[in-house]
There are 2 protein chains.
Amino acid sequence: MRGTQVKMFHPTLQEESLKLANYVCGEWKHGSGEEHILIDPVTGDQLAIVSSAGIDAVAALDYARRNGTFALQQLTYAQRAELLARIADVLSANRADYFEISRKNLGATEGDASFDVDGAIYTLKLYARLGKPLEGRIIQDGAAIPLSKTGVFQGQHFLKPLSGAAVFINAFNFPAWGLWEKAAPALLSGVAVVAKPATPTAWLTQRMVEDVVKANIVPNGALSILCGSARDLLNHVTQDDVISFTGSASTAKAIRTSPNVVSRSVRMNVEADSLNAAILGPDAAGTQPFDLLVKEVVRELTIKAGQKCTAIRRILVPRQNVQAVGEAIAGRLASVKVGNPRNAEVKCGPLVNKAQQSSALAGLSQLQREARIVYGGDRDFQPIDADRNVSCFFQPTLLLCEKPLQSRAVNEVEVFGPVATILPYDSVDEAIDLAKRGAGSLVASVFSDDGEFKGKVTLGIASSHGRIMVVDSAVDGNHTGHGNVVPTCLHGGPGRAGGGEELGGVRALHLYHRRFVVQGGPKLIAELGKEAVDAKAL
Amino acid sequence: MRGTQVKMFHPTLQEESLKLANYVCGEWKHGSGEEHILIDPVTGDQLAIVSSAGIDAVAALDYARRNGTFALQQLTYAQRAELLARIADVLSANRADYFEISRKNLGATEGDASFDVDGAIYTLKLYARLGKPLEGRIIQDGAAIPLSKTGVFQGQHFLKPLSGAAVFINAFNFPAWGLWEKAAPALLSGVAVVAKPATPTAWLTQRMVEDVVKANIVPNGALSILCGSARDLLNHVTQDDVISFTGSASTAKAIRTSPNVVSRSVRMNVEADSLNAAILGPDAAGTQPFDLLVKEVVRELTIKAGQKCTAIRRILVPRQNVQAVGEAIAGRLASVKVGNPRNAEVKCGPLVNKAQQSSALAGLSQLQREARIVYGGDRDFQPIDADRNVSCFFQPTLLLCEKPLQSRAVNEVEVFGPVATILPYDSVDEAIDLAKRGAGSLVASVFSDDGEFKGKVTLGIASSHGRIMVVDSAVDGNHTGHGNVVPTCLHGGPGRAGGGEELGGVRALHLYHRRFVVQGGPKLIAELGKEAVDAKAL
């Protein structure tokens, strides 16, 4: 079955609203009560209705733990890796549908949809590959530790998968990748997933879960989804579970301080706001790194209309290059077509809804108190093939803040849309200082051929950034992108960025495991070791 | 100088009170305002006065970061390891003084003082040894990751020491070890320490810090101490700092939910309550493991008068062995002399103060609703060589709860004193279930010669315990102890135990480092790698 979608799916979708079911306790269940409506941010059409009202969170979590996690942990890592490969296959087979849903519910261009959907599939495939050699059920952590002179008593650390569920509270901007970049390491670890996608874009997530459930790949209970409000879900998580949250700092705060989470020391990973910087070297005028920075800024502003937690928000530029950088970026932005993604020429779609549009406009106003507009910023801007009254577009906008060290908003306010600000710097130390004023960021990029500058900046900003991308003429166009989260590399950052860690290859398994040490005789330790695999770089 | 202690130190100590100075911003400073009095829990004598009132926390943290952390990070791990070795030497040289302070301020027996003081020195020496081969300033984390076909663009993860300060909010029971088990990995990581010991026993901590400062071992700002209330300290920590807390669940909650800590995602490690279990195997009647368990329970009840977060609180016993275990433990407890540690025959001292005594008595009452007393529990109990009206003793007490699966308090109330409860079990699964009802513990121990039982219980309780000690006839007396925290092994536990991780050899450095990934050309990565060391099993 496909929830209740069968009856109302194509071709009536445009006219009628779907009601998306929740999948909990191995059953598709409709919420009854409060409903949320999903819209098309280009046309304003109502696309679907979701509701989590009346869904029993206690039962849902309990089912996930007792059935999903239990069954997954009967398998080895290698066997679970095989499940990931099969999930990737199912998603690949339905890729066209996902692009269609992305276009409707997110106003996604082909590139935007690919970033999300293909990113999800790529990540699943990576974890399938990483898990393949891991023939065991726990992970050995380091060597045996001598604890007695004769060797009759030793210590051995292991990592054991959590016995609970992995609860994902996800962001609206990545309904596909946002689920699977977390679910891949969770399922590989043997921990059942309970996903609560962001309501405005829950459709794609729900549909993917449905396809995977329908394909009968994972054990019963290994994958659940709640669409709509999280309601009392977090009141019922325990120390055996883990919460992984991506979204706003304010929601992160509410979850972090919720009494149940606090009193049970529930493990939690957070990815929140981030004012990521791209930094141009002092040597860069007229060089390849200059062009590479300009190109990357424009890409980051336009892809997904700047709705990426890793997008460039601040462009740190030697003061003498401010005008040249501004003109180059503005020149490229002027040629970017913004509008209805159904028009093949369009390269930048809308924001996800009116609320986000209002929020971005309010943020822009805050920035404008400290920065002037170099390009864009037209509140009456006319998108291509769309009614600007019903749609949620935002003109790509570049600002310049002349005195960034005396300013606050440019370093603190994340406008979640196609908005970035040029911040001039007068010395290398000032560039480092400015980058760090993000108070913890997911990523920074450095564009320069100056070896000393690259090294100094990288180490100077390392402790406040999870990822630092350094591009020079030798790297040229071969870099993976400032805002592109490669699953083999760490994704996360301190402070404002939430303090979390995701991905980074097998390192991601840590979140879903508990370390313990056994102190005992060598025979017992050897016995336990039979179930264990050695996962390098974990 | 020795704060203001010089004037008032020996031999007037018994008559006059010391006022202990705080050490911040490279200076000894007295608080002015609210004062706390430290007492002798045997005699009730006032020993010293502390006050943190008027101390500028902002300046203290800033000084620690800018001077202490900065200077430490100019050194390599190996050079900092050398500092730890010198600290250990200074502490060893003053060991007799520390035993004296321990006896006065904690009522510590020789064994209790050794557990704390020698444990601290041993831990420092271990980290000195672990750091010795680490000739570098950052840690390489895993191998280079290919990110482009031609190899011009790669990824490399590193761990970099935090740029802030390590703030320790510590518990009263380990004024020596509690500081140094945290400070050793922090200083080895290059992170300055700001210690806030628990007020009732701050004297020993303050004295050790003073001795180390006086010996001029660590850079200015690398070691600070605040005695008394933490006041607004936590309002000024940032994302560059780390908080490590050991103490009650209620204080942990207050710190975790404090607005500044939440909004900045300040990293935090917590060790809180724990209802640790010792588990006797079904085969154990009349065997060596039976005797080893009995001996260990008595040791855990009496050392430091049971005031150890790792102490045995629950004794899980096959139902048919309940009487035998109860009699054996009671028999041994009857011969333990409880009283003034100045009497050489005394093996069990007092609780730390009247507040702890009242709290333990209240806890005992809670347990008595579900359990009956097998030994002890005399509220009018007469300690040796002490006035029971002014002293803070608590009679070692053993209880039996016949229906532990139908009870709550025995699995939830941690009486922080010489109190443990026997819980009968009827099957291996029941034993596992009971152990897990601690809802996350620091440690459990298993005493059995039954290989299947040992393996099943170990894996069955692993995800809710940080450490599992398994003792059989082959291990015999060579084990390191249920409650003894060996620095090469993990110390921490999920849920009620706080969800933290400490020690575990070099793993402890993690808390004081931030992981980041550099994506760039091989030359840059090689350049950064010159500063990096490979720390195995981190």
# chains A, B, ... in the order shown; residues from 1 in each chain; ligands from 1
call {"tool": "interface_residues", "arguments": {"of": "chain B", "to": "chain A", "cutoff": "7 Å", "atoms": "only C-alpha atoms", "output": "number ranges by chain"}}
result
B: 141-142, 148, 152-153, 155, 160, 162-163, 239, 253, 257, 262-266, 455, 462-463, 465-471, 474-475, 478-479, 489-490, 494-496, 498-499, 514-521, 524, 537
call {"tool": "closest_atom_pairs", "arguments": {"of": "range 125-221 of chain A", "to": "range 33-42 of chain A", "cutoff": "9 Å", "atoms": "only C-alpha atoms", "output": "Markdown table"}}
result
| residue | atom | partner | partner_atom | distance |
| --- | --- | --- | --- | --- |
| A:Thr199 | CA | A:His36 | CA | 7.3 |
| A:Pro200 | CA | A:Leu38 | CA | 5.3 |
| A:Thr201 | CA | A:Leu38 | CA | 6.8 |
| A:Ala202 | CA | A:Leu38 | CA | 8.0 |
| A:Trp203 | CA | A:Leu38 | CA | 7.9 |
call {"tool": "closest_residue", "arguments": {"among": "A:Ala362, A:Leu405, A:Leu293, A:Leu511", "to": "Val242 in chain A", "atoms": "only C-alpha atoms"}}
result
A:Leu511
call {"tool": "atom_distance", "arguments": {"atom1": "CA of Ala78 in chain A", "atom2": "CA of Leu130 in chain A"}}
result
8.7 Å
call {"tool": "select_by_dssp", "arguments": {"residues": "range 318-444 of chain B", "states": "strand (DSSP E or B)", "output": "ChimeraX atom specification"}}
result
/B:318,338-339,348,372-375,384,397-400,419-425,441-444
call {"tool": "select_by_dssp", "arguments": {"residues": "range 371-483 of chain A", "states": "helix (DSSP H, G or I)", "output": "PyMOL selection string"}}
result
chain A and resi 404-406+409-412+428-436+451-464+476-478
call {"tool": "write_last_selection", "arguments": {"atoms": "C-alpha atoms", "output": "mmCIF file, in the first residue's frame"}}
result
data_model
loop_
_atom_site.group_PDB
_atom_site.id
_atom_site.type_symbol
_atom_site.label_atom_id
_atom_site.label_comp_id
_atom_site.auth_asym_id
_atom_site.auth_seq_id
_atom_site.Cartn_x
_atom_site.Cartn_y
_atom_site.Cartn_z
ATOM 1 C CA PRO A 404 32.659 44.487 10.030
ATOM 2 C CA LEU A 405 34.689 44.625 13.253
ATOM 3 C CA GLN A 406 32.380 47.312 14.563
ATOM 4 C CA ALA A 409 24.391 41.583 12.701
ATOM 5 C CA VAL A 410 26.610 40.648 9.759
ATOM 6 C CA ASN A 411 28.412 38.176 12.000
ATOM 7 C CA GLU A 412 25.366 36.987 13.909
ATOM 8 C CA VAL A 428 45.498 38.323 8.055
ATOM 9 C CA ASP A 429 44.822 38.459 11.791
ATOM 10 C CA GLU A 430 41.725 40.515 11.095
ATOM 11 C CA ALA A 431 40.491 37.955 8.581
ATOM 12 C CA ILE A 432 40.923 35.221 11.201
ATOM 13 C CA ASP A 433 39.208 37.367 13.832
ATOM 14 C CA LEU A 434 36.256 38.011 11.513
ATOM 15 C CA ALA A 435 35.857 34.365 10.583
ATOM 16 C CA LYS A 436 35.792 33.467 14.277
ATOM 17 C CA GLY A 451 51.004 29.160 1.076
ATOM 18 C CA GLU A 452 51.693 31.038 4.294
ATOM 19 C CA PHE A 453 48.257 32.661 4.256
ATOM 20 C CA LYS A 454 46.513 29.349 3.668
ATOM 21 C CA GLY A 455 48.356 27.631 6.506
ATOM 22 C CA LYS A 456 47.946 30.471 8.976
ATOM 23 C CA VAL A 457 44.242 30.961 8.291
ATOM 24 C CA THR A 458 43.506 27.244 8.371
ATOM 25 C CA LEU A 459 45.077 26.713 11.773
ATOM 26 C CA GLY A 460 43.826 30.084 13.006
ATOM 27 C CA ILE A 461 40.171 29.284 12.420
ATOM 28 C CA ALA A 462 40.313 25.507 12.919
ATOM 29 C CA SER A 463 38.954 25.420 16.450
ATOM 30 C CA SER A 464 35.827 27.333 15.467
ATOM 31 C CA ASP A 476 41.247 24.813 -9.528
ATOM 32 C CA GLY A 477 37.795 23.490 -10.338
ATOM 33 C CA ASN A 478 38.488 20.094 -8.742
#
call {"tool": "closest_residue", "arguments": {"among": "B:Val506, B:Arg319, B:Leu292, B:Leu275", "to": "Glu414 in chain B", "atoms": "only C-alpha atoms"}}
result
B:Leu275
call {"tool": "residues_around", "arguments": {"residues": "Val352 in chain B", "least_positions_apart": "4", "cutoff": "10 Å", "atoms": "only C-alpha atoms", "output": "ChimeraX atom specification"}}
result
/B:39-42,105-108,172-173,200-201,304-305,307,356-357,391-393,417
call {"tool": "write_last_selection", "arguments": {"atoms": "C-alpha atoms", "output": "PDB file, in the first residue's frame"}}
result
ATOM      1  CA  ILE B  39      34.750  21.621  59.039  1.00  0.00           C
ATOM      2  CA  ASP B  40      36.309  18.464  60.434  1.00  0.00           C
ATOM      3  CA  PRO B  41      33.554  15.826  60.139  1.00  0.00           C
ATOM      4  CA  VAL B  42      34.944  13.933  63.126  1.00  0.00           C
ATOM      5  CA  ASN B 105      38.690  17.845  56.218  1.00  0.00           C
ATOM      6  CA  LEU B 106      37.279  14.474  55.073  1.00  0.00           C
ATOM      7  CA  GLY B 107      37.844  12.284  58.097  1.00  0.00           C
ATOM      8  CA  ALA B 108      39.890  10.136  55.753  1.00  0.00           C
ATOM      9  CA  PHE B 172      33.453  16.840  47.415  1.00  0.00           C
ATOM     10  CA  ASN B 173      34.511  13.228  47.672  1.00  0.00           C
ATOM     11  CA  PRO B 200      33.115  21.433  51.862  1.00  0.00           C
ATOM     12  CA  THR B 201      36.464  19.834  50.907  1.00  0.00           C
ATOM     13  CA  LYS B 304      35.690   6.580  51.883  1.00  0.00           C
ATOM     14  CA  ALA B 305      32.589   5.489  53.855  1.00  0.00           C
ATOM     15  CA  GLN B 307      31.205   8.119  49.219  1.00  0.00           C
ATOM     16  CA  GLN B 356      25.469  14.491  53.737  1.00  0.00           C
ATOM     17  CA  GLN B 357      24.650  12.556  56.891  1.00  0.00           C
ATOM     18  CA  SER B 391      30.522  14.045  64.054  1.00  0.00           C
ATOM     19  CA  CYS B 392      29.020  12.859  60.745  1.00  0.00           C
ATOM     20  CA  PHE B 393      29.316   9.082  60.903  1.00  0.00           C
ATOM     21  CA  GLY B 417      27.347   6.560  52.014  1.00  0.00           C
TER      22      GLY B 417
END
call {"tool": "residues_around", "arguments": {"residues": "Thr421 in chain B", "least_positions_apart": "2", "cutoff": "8 Å", "atoms": "only C-alpha atoms", "output": "list in words"}}
result
Arg313, Arg314, Ile315, Ala371, Leu398, Leu399, Leu400, Cys401, Val410, Val419 and Leu423 of chain B
call {"tool": "atom_distance", "arguments": {"atom1": "CA of Ser92 in chain A", "atom2": "CA of Tyr23 in chain A"}}
result
21.6 Å
call {"tool": "closest_residue", "arguments": {"among": "B:Asp45, B:Gly221, B:Gly529, B:Gly131", "to": "Ala59 in chain B", "atoms": "only C-alpha atoms"}}
result
B:Gly221
call {"tool": "atom_distance", "arguments": {"atom1": "CA of Ala328 in chain A", "atom2": "CA of Arg369 in chain A"}}
result
23.9 Å
call {"tool": "decode", "arguments": {"residues": "range 94-127 of chain B", "atoms": "C-alpha atoms", "output": "mmCIF file, in the first residue's frame"}}
result
data_model
loop_
_atom_site.group_PDB
_atom_site.id
_atom_site.type_symbol
_atom_site.label_atom_id
_atom_site.label_comp_id
_atom_site.auth_asym_id
_atom_site.auth_seq_id
_atom_site.Cartn_x
_atom_site.Cartn_y
_atom_site.Cartn_z
ATOM 1 C CA ASN B 94 53.913 16.994 49.730
ATOM 2 C CA ARG B 95 52.005 13.754 50.127
ATOM 3 C CA ALA B 96 52.150 13.695 53.906
ATOM 4 C CA ASP B 97 50.559 17.133 54.127
ATOM 5 C CA TYR B 98 47.745 16.009 51.833
ATOM 6 C CA PHE B 99 47.074 12.966 53.988
ATOM 7 C CA GLU B 100 46.875 15.273 56.985
ATOM 8 C CA ILE B 101 44.440 17.629 55.274
ATOM 9 C CA SER B 102 42.408 14.642 54.088
ATOM 10 C CA ARG B 103 42.204 13.302 57.600
ATOM 11 C CA LYS B 104 41.053 16.653 58.932
ATOM 12 C CA ASN B 105 38.690 17.845 56.218
ATOM 13 C CA LEU B 106 37.279 14.474 55.073
ATOM 14 C CA GLY B 107 37.844 12.284 58.097
ATOM 15 C CA ALA B 108 39.890 10.136 55.753
ATOM 16 C CA THR B 109 41.605 6.987 56.924
ATOM 17 C CA GLU B 110 45.080 6.261 55.574
ATOM 18 C CA GLY B 111 43.464 4.093 52.911
ATOM 19 C CA ASP B 112 40.902 6.754 51.978
ATOM 20 C CA ALA B 113 43.555 9.440 51.629
ATOM 21 C CA SER B 114 45.731 7.157 49.560
ATOM 22 C CA PHE B 115 42.825 6.319 47.273
ATOM 23 C CA ASP B 116 42.377 10.015 46.539
ATOM 24 C CA VAL B 117 45.913 11.422 46.709
ATOM 25 C CA ASP B 118 47.897 8.497 45.326
ATOM 26 C CA GLY B 119 45.178 8.005 42.712
ATOM 27 C CA ALA B 120 45.787 11.577 41.583
ATOM 28 C CA ILE B 121 49.550 11.126 41.387
ATOM 29 C CA TYR B 122 49.215 7.813 39.560
ATOM 30 C CA THR B 123 46.861 9.373 37.010
ATOM 31 C CA LEU B 124 49.192 12.313 36.395
ATOM 32 C CA LYS B 125 52.085 9.919 35.875
ATOM 33 C CA LEU B 126 50.078 7.863 33.406
ATOM 34 C CA TYR B 127 49.268 10.916 31.282
#
